[in-house]
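Student: Mind looking over this structure? Questions follow.
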Amino acid sequence: MASVWLEAHGKAVLVKGDTMSIKDLLKEKGGKWNGGLKSWLFPGSKKAAIIEDLQSSDKVKSVEDKTGGAAPAAAASQPVAKPAAKAPAKRSAAQTSPSGERVFELVDDVRVSISTFKNEHGVDIRKFYTEKVTGELRPTPKGIRVSKEEWDAVCKAVPDIDAALQKDDEKSWNLIADITISITAGAVDLRRYYVDKNDGQSKPGKKGIRLGAVQWPSLKAEMPEITKELDQGGGPPAKKAKSKKPEVPEIPEEAETPEASATSKVKWKHELRKILKGRDLKEISLRKVRGELEAVLSLPADGLLERKDEVKEIVTEIIQSGEAGP
């Protein structure tokens, strides 16, 4: 277990000592590692809160205040007695989001929501950030969505997870399907793994979340309520799948008989004579003539495109017979 102390550094406070095992806690509380000073740097205004957080951590053996000011519940430069670990404060009941999801607010901008996807209820555990302009919480990619079966497996694994944390063990094991739990530096990592096609090795994917010394107890405290909501089908109702319209088999068009083809060409020739009569053939193109014929026959634009050679043949015949022009 870590033994640490605090020192003053201008208006800031430094946390020194054996901090490797509690670096995640120090990061979560806003600490910045300073390689030159070999310590964690905090604003002086956070001194009391940092001491309290360190006292509450089961990873810290002792905390000593060497800043020259009075530390909470202890004199300066005297070891601070570590109080018994406190259970996380009970959070407010789940709220319903505008989209219908049941949402649990944990600590450090971590949210748990229950929703429905593809007719299956699930739990999404995700870190959020505060948007600077609007002040609204926005989701980050750091998170994982688990099915009800996977969530139940997480809940059943709590004793094993806590035992590993208590022993300060660094270990990992497959929980269920592709989900692996890893315990490192006092944090719990819940993540989906994938098999690398190149070497066949199982590797951690991007879908996952790392819960630190404060976040994990907060999640545990809400597990009974989350499970209750999940069992009751919490989350927005599943969207009804749109019923597909029965496919109507395509009826192939009957092949045009020679008689029908001749009849259509007779009609074309009749209409083309009227289109070409009295026109200046130098200012009219075959494309324009074909377009006018399509309009007369109530066909869509380019409806005769595939038969343009036939149209050209009839137009040429009309012109050569002297039936076109002024």
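Here, A, B, ... name the chains of the structure tokens in the order displayed, residue numbers run from 1 inside each chain, and ligands are numbered from 1 in the same displayed order.
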Tell me which protein, DNA and RNA residues are within 8 Å of range 6-18 of chain A, counting only C-alpha atoms, leaving out same-chain ones fewer than 6 positions away, and put them as JSON, numbers by chain.

Tutor: {"A": [38, 39, 40, 41, 42, 43, 44, 45, 47, 63, 64, 65, 66, 67, 68]}

Student: Output C-alpha atoms for every residue in the selection just made, as a CSV table (one decimal), in the first residue's frame.

Tutor:
chain,number,residue,atom,x,y,z
A,38,LYS,CA,8.6,13.8,-9.8
A,39,SER,CA,5.2,14.4,-8.2
A,40,TRP,CA,1.6,15.1,-8.9
A,41,LEU,CA,0.6,18.7,-9.2
A,42,PHE,CA,-2.8,20.0,-7.9
A,43,PRO,CA,-4.2,23.5,-7.3
A,44,GLY,CA,-3.8,24.6,-3.7
A,45,SER,CA,-7.6,25.0,-3.4
A,47,LYS,CA,-5.7,20.4,-0.9
A,63,VAL,CA,-1.0,10.4,4.2
A,64,GLU,CA,1.3,13.1,5.6
A,65,ASP,CA,0.8,16.9,5.2
A,66,LYS,CA,4.1,18.8,4.8
A,67,THR,CA,2.6,21.9,3.3
A,68,GLY,CA,3.0,23.9,6.6

Student: So that I can see what lies close to Leu305 in chain A, please list as a JSON list (two decimals) with C-alpha atoms, in the first residue's frame the residues with an atom at most 10 Å from it, counting only C-alpha atoms and leaving out residues fewer than 4 positions away in the same chain.

Tutor:
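result.json written:
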[["chain", "number", "residue", "atom", "x", "y", "z"],
["A", 287, "ARG", "CA", -32.50, 14.24, -81.10],
["A", 290, "ARG", "CA", -37.13, 12.09, -81.33],
["A", 291, "GLY", "CA", -37.99, 14.19, -78.27],
["A", 294, "GLU", "CA", -41.82, 10.94, -77.42],
["A", 301, "ALA", "CA", -37.91, 11.69, -71.96],
["A", 309, "ASP", "CA", -31.82, 3.97, -84.95],
["A", 310, "GLU", "CA", -35.35, 3.00, -85.95],
["A", 311, "VAL", "CA", -36.51, 6.60, -85.56]]

Student: Using only C-alpha atoms, can you tell me which of A:Gln320, A:Gln215, A:Ser172, A:Gln95 comes closest to Arg126 in chain A?

Tutor: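 Comparing A:Gln320, A:Gln215, A:Ser172, A:Gln95 against Arg126 in chain A, the winner is A:Gln215.
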
Student: If we count only C-alpha atoms and set the cut-off at 8 Å, which residues sit around range 164-171 of chain A, ignoring sequence neighbours fewer than 2 positions away in its own chain? Please answer as a PyMOL selection string.

Tutor: chain A and resi 58-59+160-162+173+182-187

Student: Compile the contact shell of Ser321 in chain A as a count of residues only: residues with an atom at most 12 Å away, counting only C-alpha atoms, same-chain residues fewer than 6 positions apart removed.

Tutor: 3
